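Chemist: Before I ask anything, let me first share the structure, which is written out below as C-alpha cells.
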Amino acid sequence: MDLNLSDEQKLLRESAERFVAGSYNADHRRKMANDPLGFSPAVWKQFAELGWLALPLPEEFDGLGGGAVEIGILMEAFGRGLVSEPYVATVVLGAGLLDRCGTAEQKQASLPKVADGSLKLAFAHSERAARFDLAKVATSATKTAQGWRLSGSKIAVLDGHAADEIIVSALIHDHHGPSGRIGLFVLAATADGLAMSDYARLGGGRACNIELSDVHLPEDALLGDGHDALPAIEWAVDRAMAALGAEAVGIMQTLLETTLDYTKIRKQFGRPLSANQVIRHRLADMAMQVDEARSMALRAALKMDAAPTERARAASGAKAKIGKCARFVGEQSIQLHGGMGVTEELEVGAYFKRLVAFDTLFGGSAHHYARHAELGRKA
Amino acid sequence: MDLTFNAEERAFQSEVRSFIAKNLTDEMKRATALTPSVFSDPDIGMAWQRALHANGWGAPGWPIEHGGPAWTPAQRWIFETECARAGVPNVNVMGVKMVGPVIIGFGSPEQKNFYLPRILSGEDYWCQGYSEPGSGSDLSSLKTRAVRDGDDYIINGTKIWTTHAHHANRMFALVRTSDGERQQDGISFILIDMKTPGITTRPILTIGGDHEVNQVFFDDVRVPVANRVGDEGKGWTYGKYLLEFERGSGIASAKLREGLKAISDLAESDLTGRAIDSPDIASRISEVEIDIDALEMTELRVLSALQTGQNPGAVSSILKLRNSEIRQAVTRLGVDVIGHDALAVEPMRPLYKLNHEPPTPEEMLTVVPEYLNGRAYTIFGGTSEIQRDIIAKMMLGI
C-alpha cells in the first residue's frame with residue numbers, strides 16, 4: 001500500500017497544471033462557449049503531442065499504459081481550467097470500450113489513431129426510457145445477411161458532434177428475436193440513417209441526441225465476438241465517473257480559491273467578508289468537502305482494477321459523494337460572491353454549471369446511493 | 001500508488017490476526033461491545049494494553065527509541081483495522097496517544113525514563129485536566145492556579161469533564177503559573193499524582209446513563225516543580241500540540257466501519273423486522289458507509305505523508321470534525337433502525353454484568369446510550385465550531 005505520487009505522476013501533474021494555467025484563460029473559455037465546435041482542434045493536437053491521448057492506452061497500440069490514477073491527475077488539472085476538449089468521450093469512454101471489447105484487428109485499426117489525435121470517438125448509450133439504468137437498452141441491432149441493421153434513439157451523447165466514429169450500444173436480435181445480449185457497434189458519424197441533433201452542454205462542451213433509422217452496418221461493425229457488453233459498459237462508465245470526479249475536484253478547488261480571495265477583498269460594514277465567523281465557517285466546510293471529494297476521486301481510481309462489485313461500489317460512492325460536495329461548494333461559491341455570483345460577468349457561474357452537469361451525468365447522488373446499497377446486498 | 005497489500009503486508013496482517021486470536025478473550029470482546037462510552041473500563045482496557053506491550057506493540061505511534069514498533073503507514077492501518085474488526089477493547093488514549101507524545105517531545109530525560117515505560121506497560125492510568133467550568137472552548141482562560149513554594153507548586157482550582165478521573169492514578173494538567181499579557185501566556189503543563197492530598201473527584205453522569213466523566217477539585221495540592229513538563233509558562237504550546245494528536249492521530253475510520261456494520265447487521269436482522277428493506281434506511285446506510293470511505297482515504301493520505309511520531313497539524317481538525325460527525329450519523333441511524341426498542345431504558349451499568357433479563361435483545365442495548373452520549377463527540381477535544389475556526393485560520397489563512 002502506497003499513496004504517494006511516483007516521480008512520473010508528479011511530472012504529469014506539473015505539466016498538466018502548467019499547460020492549463022498557460023492556455024486556458026477566461027477569454028479562451030468564452031470563445032469556446034460560443035464556438036460551434038466547442039473546443040479547439042489546435043489544443044487537441046497539443047494533447048496528442050504531450051502524450052495525453054495515448055496516456056491510458058495499452059503500449060502495444062502506441063499507448064503509454066497508464067491507468068485510472070493517471071487519468072485522474074490529468075482530469076483534475078482539466079477541471080481547474082474548465083477544459084472542453086472531448087477527452088472523456090474519446091479516450092476514457094470510446095477508447096476504453098474499444099480496448100475492452102474489440103478484437104486485435106479492431107484495436108489495431110483504431111487505438112493508434114486515437115493516440116495520435118486523428119480519430120475522435122463518442123459513446124451513445126443512454127436512452128430516455130432507461131433513465132440511469134445501464135442495462136436498459138431498447139435500440140435494436142438485427143442480424144441481416146450482410147451484417148447488422150440498427151434502429152433506435154440515444155440521448156446525451158457526450159461530444160458526439162466532434163466524433164469521427166460513434167460506438168452505439170444495441171440489444172442484439174438474432175434469428176430467434178431479442179437475445180438479451182447488448183452489443184457495441186462502431187458507426188461512422190456520417191453513416192446513412194444516422195441523424196444527430198447537437199446542443200451546447202451545460203458547463204461547456206457539447207452533446208447530442210441521435211436517431212438511428214435502419215442503419216446498415218457490416219458484420220465487423222460489432223466490437224468483439226458478440227458477448228454481452230454490459231459488464232464492459234459498466235466498467236467504462238465507472239471509469240468515466242472516476243475521471244469526471246477528479247475533474248470536479250479541480251473545479252471545486254478553483255472555486256474555493258476564487259471565493260476565498262473574494263471574501264478577503266470584498267468589504268461590507270467596514271470590514272472584509274472573511275472577518276465574519278459565519279463566512280469563515282462556510283469556507284472551512286467548503287475546504288473540507290473539497291478534501292473529501294479529492295479522497296473519493298482517488299479511491300475510485302485506485303479501485304478501478306478491483307473485482308467488479310468492489311469497483312462499482314467505489315465508483316458509485318465517489319459519484320454520490322463528489323456530486324453532493326460539488327453542489328455544496330458550487331452553490332456556496334455563488335452565495336458568497338453575492339449578486340455578482342449570479343452574473344455571467346464572473347466565471348464562478350461557468351464553473352458551477354460544469355459541477356451541476358457532473359452531478360447529473362450518469363445519475364445523481366440519490367441514484368448512486370441506491371446503486372451502492374443494491375450492490376452491497378449482492379456482495 | 002496502490003491500495004492493495006503486498007506479500008509482506010499480508011504476512012503482517014496474518015501476524016496481527018493471530019495475535020488478536022491468542023490474546024482477545026471472549027470476556028474482553030463482550031465487555032467492549034456492551035460499553036456505550038468512549039473508553040473500556042480500566043480492567044478490560046489495561047489487560048489489552050499489557051498484551052500489546054508484551055508483544056512490543058504498546059505504542060504504535062511512538063519513535064522506535066522509546067518503544068514504538070517503527071511500523072510503516074500500511075502496517076499501522078492494518079493493525080488498527082484488524083483491531084477494530086475484531087472488537088478489541090478501547091484503551092484509554094490519555095497515556096499512549098496524548099501525554100506520551102508530549103513527554104517524548106518536551107519532557108526531561110528523567111521524565112522520559114520514569115513515565116514512558118509506565119505508560120507502555122499500563123502501570124499508570126492517566127486522565128486529562130484541561131477544561132474548567134468557566135473555560136470550555138476558550139480553554140486558555142483557565143484559572144486553576146499553581147503558586148511556587150520552594151521546590152513545589154501549590155495548586156488550587158477545579159477541572160471538569162475529566163474522563164476516567166475516578167480510575168486514574170495520574171493527571172496531566174494545564175495550570176496558570178503566572179499572568180501574562182495574553183491569556184495563553186503563563187500556562188504550564190504539569191503531571192499530578194492523583195493520590196496527592198487535597199484532590200477530590202465528583203462523578204458526572206452523562207445522558208446515556210454512564211459515569212465516565214468527573215469534576216476534580218484541587219485544594220492546596222502540593223506538586224513538585226520537577227513534575228512540570230518543559231518551560232514554565234509554555235504549557236499552552238505543549239497542550240495544543242497534544243490536542244492535534246488527540247484529534248488527528250490514529251485511524252478512526254476502522255472503528256466507524258465496525259460501528260456501522262453492527263447497525264447494518266441489526267437492519268438485516270429479524271429483530272428489527274428487516275429495517276434494511278426500507279429504501280430510505282438502505283440508502284442512508286450507504287451514505288454513511290461512503291462518508292467512512294472518504295474519511296478512511298483522507299486518513300491514509302495523511303498517514304502516508306507523515307513520518308512516525310510527527311504531528312499532523314491543522315489537518316487533524318478535518319479528521320476530528322468528520323470522525324465526530326460520522327460517529328453521530330452512525331448512532332443516529334442506529335436509533336432509527338431499532339425502532340420501538342429505542343424506547344427501552346436499561347439503567348444498570350456495566351451492561352456486560354447485568355444480573356437480570358435486559359428489556360431489549362443484547363445487541364441493541366448500547367444503541368440509544370451511544371447515540372445520547374455520542375452527542376459529546378462534536379463537543380469534546382474542541383467543539384466543531386472551534387475546529388472550523390482552526391481550519392479557517394490555519395488552512396485558509398482567514
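Just remember, in the C-alpha cells the first chain shown is A, the second B, etc., residues are 1-based per chain, and ligands are 1-based in the order shown.
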With only C-alpha atoms as the counted atoms, please give the residues lying no more than 10 Å from Gly239 in chain B, apart from itself and same-chain residues fewer than 5 positions off, as JSON, numbers by chain.
Modeler: {"B": [98, 99, 102, 130, 140, 172, 173, 174, 187, 188, 189, 234, 244]}
Chemist: Once you have the residues from the selection above, write them out as a PDB file, in the first residue's frame, restricted to N, CA and C atoms.
Modeler:
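Result written to again-v7.pdb:
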```pdb
ATOM      1  N   MET B  98      -1.703  10.642  24.127  1.00  0.00           N
ATOM      2  CA  MET B  98      -1.743  12.068  24.462  1.00  0.00           C
ATOM      3  C   MET B  98      -0.561  12.541  25.288  1.00  0.00           C
ATOM      4  N   VAL B  99      -0.462  12.096  26.545  1.00  0.00           N
ATOM      5  CA  VAL B  99       0.641  12.644  27.341  1.00  0.00           C
ATOM      6  C   VAL B  99       1.978  12.064  26.856  1.00  0.00           C
ATOM      7  N   VAL B 102       3.761  14.204  24.309  1.00  0.00           N
ATOM      8  CA  VAL B 102       4.239  15.467  24.896  1.00  0.00           C
ATOM      9  C   VAL B 102       5.509  15.224  25.703  1.00  0.00           C
ATOM     10  N   TYR B 130      -7.826  19.577  31.552  1.00  0.00           N
ATOM     11  CA  TYR B 130      -7.815  20.731  30.636  1.00  0.00           C
ATOM     12  C   TYR B 130      -8.989  21.676  30.950  1.00  0.00           C
ATOM     13  N   SER B 140      -7.851  28.715  27.066  1.00  0.00           N
ATOM     14  CA  SER B 140      -6.693  29.413  27.643  1.00  0.00           C
ATOM     15  C   SER B 140      -7.098  30.463  28.682  1.00  0.00           C
ATOM     16  N   PHE B 172      -2.415  14.746  33.676  1.00  0.00           N
ATOM     17  CA  PHE B 172      -1.634  15.861  33.119  1.00  0.00           C
ATOM     18  C   PHE B 172      -2.578  17.042  33.031  1.00  0.00           C
ATOM     19  N   ALA B 173      -2.090  18.213  33.438  1.00  0.00           N
ATOM     20  CA  ALA B 173      -2.995  19.349  33.553  1.00  0.00           C
ATOM     21  C   ALA B 173      -2.345  20.621  33.044  1.00  0.00           C
ATOM     22  N   LEU B 174      -3.192  21.512  32.555  1.00  0.00           N
ATOM     23  CA  LEU B 174      -2.767  22.875  32.242  1.00  0.00           C
ATOM     24  C   LEU B 174      -3.165  23.746  33.426  1.00  0.00           C
ATOM     25  N   ILE B 187       0.736  29.765  31.211  1.00  0.00           N
ATOM     26  CA  ILE B 187       0.139  28.448  31.473  1.00  0.00           C
ATOM     27  C   ILE B 187       1.265  27.416  31.474  1.00  0.00           C
ATOM     28  N   SER B 188       1.225  26.484  32.416  1.00  0.00           N
ATOM     29  CA  SER B 188       2.258  25.446  32.467  1.00  0.00           C
ATOM     30  C   SER B 188       1.613  24.062  32.416  1.00  0.00           C
ATOM     31  N   PHE B 189       2.395  23.094  31.938  1.00  0.00           N
ATOM     32  CA  PHE B 189       1.922  21.720  31.743  1.00  0.00           C
ATOM     33  C   PHE B 189       2.490  20.872  32.877  1.00  0.00           C
ATOM     34  N   LYS B 234       5.037  27.864  29.172  1.00  0.00           N
ATOM     35  CA  LYS B 234       4.928  27.449  27.768  1.00  0.00           C
ATOM     36  C   LYS B 234       3.896  26.332  27.571  1.00  0.00           C
ATOM     37  N   GLU B 244      -3.600  18.303  18.900  1.00  0.00           N
ATOM     38  CA  GLU B 244      -3.516  17.896  17.495  1.00  0.00           C
ATOM     39  C   GLU B 244      -3.348  16.384  17.384  1.00  0.00           C
TER      40      GLU B 244
END
```
Chemist: Using only C-alpha atoms, determine which residues lie at most 12 Å from Thr259 in chain A, disregarding the query and same-chain residues fewer than 3 positions distant; provide the list as a ChimeraX atom specification.
Modeler: /A:252-256,262-266,273-274,279-280,282-284,286-287,329-338,340-341,346-349,351 /B:396
Chemist: Give as a ChimeraX atom specification every residue of chain A that touches chain B within 7 Å, counting only C-alpha atoms.
Modeler: /A:1-5,274,280-281,283-284,288,292,295-296,299,302,317,369-370,372-373
Chemist: Env of Ser179 in chain A: 12 Å cut, atoms = only C-alpha atoms, seq-sep filter 4 positions within chain, self excluded. Answer as a PyMOL selection string.
Modeler: chain A and resi 140-143+170-175+183+226-228
Chemist: What does the structure give for the distance between CA of Ile71 in chain A and CA of Leu121 in chain A, in Å to one decimal?
Modeler: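 According to the coordinates, CA of Ile71 in chain A and CA of Leu121 in chain A are separated by 17.0 Å.
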Chemist: List the neighbours of range 309-311 of chain A out to 8 Å using only C-alpha atoms; skip same-chain residues closer than 2 positions along the sequence, and give me the result as a ChimeraX atom specification.
Modeler: /A:238,300,303-307,313-315,375,379
Chemist: Taking 3 positions as the minimum chain separation for residues in the same chain, which residues sit within 9 Å of Ala21 in chain A when counting only C-alpha atoms? Answer as number ranges by chain.
Modeler: A: 16-18, 24-25, 77, 80-81
Chemist: Residues as selected, N, CA and C atoms, written as a short mmCIF file (atom, residue, chain, number, x, y, z; two decimals), in the first residue's frame, can you do that?
Modeler:
```
data_model
loop_
_atom_site.label_atom_id
_atom_site.label_comp_id
_atom_site.auth_asym_id
_atom_site.auth_seq_id
_atom_site.Cartn_x
_atom_site.Cartn_y
_atom_site.Cartn_z
N ALA A 16 0.55 19.09 -16.70
CA ALA A 16 -0.86 19.35 -16.98
C ALA A 16 -1.30 20.68 -16.36
N GLU A 17 -0.86 20.92 -15.12
CA GLU A 17 -1.23 22.18 -14.47
C GLU A 17 -0.63 23.37 -15.21
N ARG A 18 0.62 23.21 -15.65
CA ARG A 18 1.29 24.29 -16.37
C ARG A 18 0.56 24.59 -17.68
N TYR A 24 -5.44 28.09 -20.83
CA TYR A 24 -6.87 28.22 -20.57
C TYR A 24 -7.15 29.42 -19.69
N ASN A 25 -7.55 30.52 -20.31
CA ASN A 25 -7.96 31.67 -19.52
C ASN A 25 -9.41 32.01 -19.84
N ALA A 77 -6.48 18.59 -13.35
CA ALA A 77 -5.91 19.81 -13.96
C ALA A 77 -6.88 20.39 -15.00
N ARG A 80 -9.50 22.50 -13.37
CA ARG A 80 -9.08 23.83 -12.91
C ARG A 80 -9.24 24.87 -14.03
N GLY A 81 -9.08 24.42 -15.29
CA GLY A 81 -9.22 25.37 -16.39
C GLY A 81 -10.53 25.23 -17.14
#
```
Chemist: Got a sec to tell me which of range 85-262 of chain A DSSP assigns to alpha helix (DSSP H), as a ChimeraX atom specification?
Modeler: /A:87,95-101,104-116,230-262
Chemist: I need the residues in range 254-296 of chain A that are strand (DSSP E or B) according to DSSP; give them as a short mmCIF file (atom, residue, chain, number, x, y, z; two decimals) with N, CA and C atoms, in the first residue's frame.
Modeler:
```cif
data_model
loop_
_atom_site.label_atom_id
_atom_site.label_comp_id
_atom_site.auth_asym_id
_atom_site.auth_seq_id
_atom_site.Cartn_x
_atom_site.Cartn_y
_atom_site.Cartn_z
N LYS A 267 -15.45 44.23 0.98
CA LYS A 267 -15.73 44.81 2.30
C LYS A 267 -17.19 45.21 2.42
N GLN A 268 -17.78 44.86 3.54
CA GLN A 268 -19.11 45.34 3.91
C GLN A 268 -19.07 45.63 5.41
N ARG A 271 -15.54 46.05 6.97
CA ARG A 271 -14.51 45.01 7.15
C ARG A 271 -14.68 43.93 6.10
N PRO A 272 -13.62 43.15 5.84
CA PRO A 272 -13.73 42.11 4.80
C PRO A 272 -14.79 41.07 5.21
#
```
Chemist: Could you check the closest approach to Leu222 in chain A for each of A:Leu74, A:Leu260, A:Leu184, A:Ala104 and tell me which residue wins, using only C-alpha atoms?
Modeler: A:Leu184
Chemist: Measuring atom to atom with only C-alpha atoms, identify which of B:Leu191, B:Ala70, B:Cys83, B:Ala33 is nearest to Ala21 in chain B.
Modeler: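 Answer, going by the shortest atom-to-atom distance: B:Cys83.
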Chemist: Expressed in Å to a single decimal, how great is the separation between CA of Thr90 in chain A and CA of Gln106 in chain A?
Modeler: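 Answer for the CA of Thr90 in chain A to CA of Gln106 in chain A separation: 15.5 Å.
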Chemist: Rounded to one decimal, what separation in Å do you get between CA of Gly38 in chain A and CA of Leu150 in chain A?
Modeler: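 So the answer is 28.6 Å.
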Chemist: Give me the residues within 7 Å of Thr144 in chain B as a list in words, counting only C-alpha atoms and dropping any in the same chain fewer than 4 places off.
Modeler: Asn156, Gly157, Thr158, Val175 and Arg176 of chain B
Chemist: Residues at most 12 Å from Gly259 in chain B, counting only C-alpha atoms, excluding those fewer than 3 positions away in the same chain, as a compact mmCIF listing (two decimals) with N, CA and C atoms, in the first residue's frame?
Modeler:
```txt
# COMPACT_ATOMS: atom_id res chain seq x y z
N THR B 32 -16.43 -5.00 25.60
CA THR B 32 -16.22 -3.87 24.69
C THR B 32 -17.49 -3.58 23.90
N ALA B 33 -18.11 -4.63 23.40
CA ALA B 33 -19.33 -4.44 22.61
C ALA B 33 -20.44 -3.84 23.45
N PRO B 36 -21.14 1.51 26.29
CA PRO B 36 -21.58 2.65 25.46
C PRO B 36 -20.88 3.94 25.79
N ALA B 84 -10.05 -3.10 15.08
CA ALA B 84 -11.45 -2.66 15.04
C ALA B 84 -12.36 -3.81 14.62
N ARG B 85 -11.92 -4.55 13.61
CA ARG B 85 -12.73 -5.65 13.08
C ARG B 85 -12.98 -6.70 14.16
N ALA B 86 -11.95 -6.94 14.97
CA ALA B 86 -12.07 -7.99 15.99
C ALA B 86 -12.81 -7.48 17.23
N GLY B 87 -12.97 -6.16 17.35
CA GLY B 87 -13.66 -5.61 18.52
C GLY B 87 -12.80 -5.63 19.78
N ALA B 252 -9.48 6.46 12.79
CA ALA B 252 -10.81 6.38 13.35
C ALA B 252 -11.77 5.63 12.43
N SER B 253 -11.47 5.64 11.13
CA SER B 253 -12.43 5.10 10.17
C SER B 253 -12.69 3.60 10.41
N ALA B 254 -11.67 2.88 10.85
CA ALA B 254 -11.85 1.43 11.03
C ALA B 254 -12.91 1.16 12.09
N LYS B 255 -12.89 1.95 13.17
CA LYS B 255 -13.90 1.75 14.22
C LYS B 255 -15.28 2.20 13.76
N LEU B 256 -15.30 3.29 12.99
CA LEU B 256 -16.60 3.74 12.46
C LEU B 256 -17.21 2.66 11.60
N ALA B 262 -22.31 -3.06 12.79
CA ALA B 262 -23.22 -3.54 13.84
C ALA B 262 -24.64 -3.05 13.57
N ILE B 263 -24.76 -1.80 13.11
CA ILE B 263 -26.09 -1.25 12.83
C ILE B 263 -26.69 -1.92 11.58
N SER B 264 -25.88 -2.12 10.55
CA SER B 264 -26.48 -2.73 9.36
C SER B 264 -26.78 -4.22 9.58
N ASP B 265 -26.00 -4.87 10.46
CA ASP B 265 -26.38 -6.25 10.85
C ASP B 265 -27.75 -6.25 11.51
N LEU B 266 -27.97 -5.28 12.40
CA LEU B 266 -29.29 -5.19 13.04
C LEU B 266 -30.37 -4.92 11.99
N ILE B 285 -27.68 3.98 5.01
CA ILE B 285 -26.53 3.15 5.39
C ILE B 285 -25.41 3.35 4.36
N VAL B 288 -23.66 6.75 4.81
CA VAL B 288 -22.70 6.78 5.92
C VAL B 288 -21.46 5.96 5.56
N GLU B 289 -21.68 4.82 4.90
CA GLU B 289 -20.53 3.98 4.51
C GLU B 289 -19.60 4.76 3.58
N ILE B 292 -17.57 7.19 5.42
CA ILE B 292 -16.46 6.50 6.08
C ILE B 292 -15.34 6.22 5.08
N ILE B 326 -19.50 11.76 11.62
CA ILE B 326 -19.91 10.45 11.08
C ILE B 326 -20.31 9.51 12.22
N ARG B 327 -19.57 9.59 13.34
CA ARG B 327 -19.96 8.79 14.51
C ARG B 327 -21.39 9.09 14.92
N GLN B 328 -21.71 10.36 14.92
CA GLN B 328 -23.08 10.74 15.29
C GLN B 328 -24.08 10.24 14.25
N ALA B 329 -23.68 10.27 12.98
CA ALA B 329 -24.58 9.77 11.93
C ALA B 329 -24.82 8.27 12.12
N VAL B 330 -23.78 7.53 12.51
CA VAL B 330 -23.93 6.08 12.73
C VAL B 330 -24.89 5.83 13.89
N THR B 331 -24.70 6.58 14.98
CA THR B 331 -25.54 6.32 16.15
C THR B 331 -26.98 6.78 15.90
N ARG B 332 -27.14 7.84 15.14
CA ARG B 332 -28.49 8.33 14.79
C ARG B 332 -29.21 7.25 13.96
N LEU B 333 -28.49 6.69 13.01
CA LEU B 333 -29.03 5.62 12.18
C LEU B 333 -29.42 4.43 13.04
N GLY B 334 -28.59 4.14 14.04
CA GLY B 334 -28.86 3.02 14.93
C GLY B 334 -30.20 3.17 15.62
N GLU B 363 -27.91 -7.18 21.60
CA GLU B 363 -27.18 -6.40 20.58
C GLU B 363 -27.74 -4.99 20.36
N THR B 366 -26.76 -1.04 23.59
CA THR B 366 -25.92 0.16 23.62
C THR B 366 -26.38 1.23 22.63
N VAL B 367 -27.36 0.89 21.78
CA VAL B 367 -27.69 1.79 20.66
C VAL B 367 -28.12 3.18 21.14
N GLU B 370 -25.37 5.03 23.22
CA GLU B 370 -24.29 5.53 22.35
C GLU B 370 -24.72 6.77 21.59
N TYR B 371 -25.98 6.77 21.17
CA TYR B 371 -26.49 7.96 20.49
C TYR B 371 -26.48 9.15 21.44
```
Chemist: I need the residue nearest Asp270 in chain B from this list: B:Ile338, B:Leu306, B:Ile78, B:Ala344. Use only C-alpha atoms for the distance.
Modeler: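 Under the stated criterion, the closest residue is B:Ile338.
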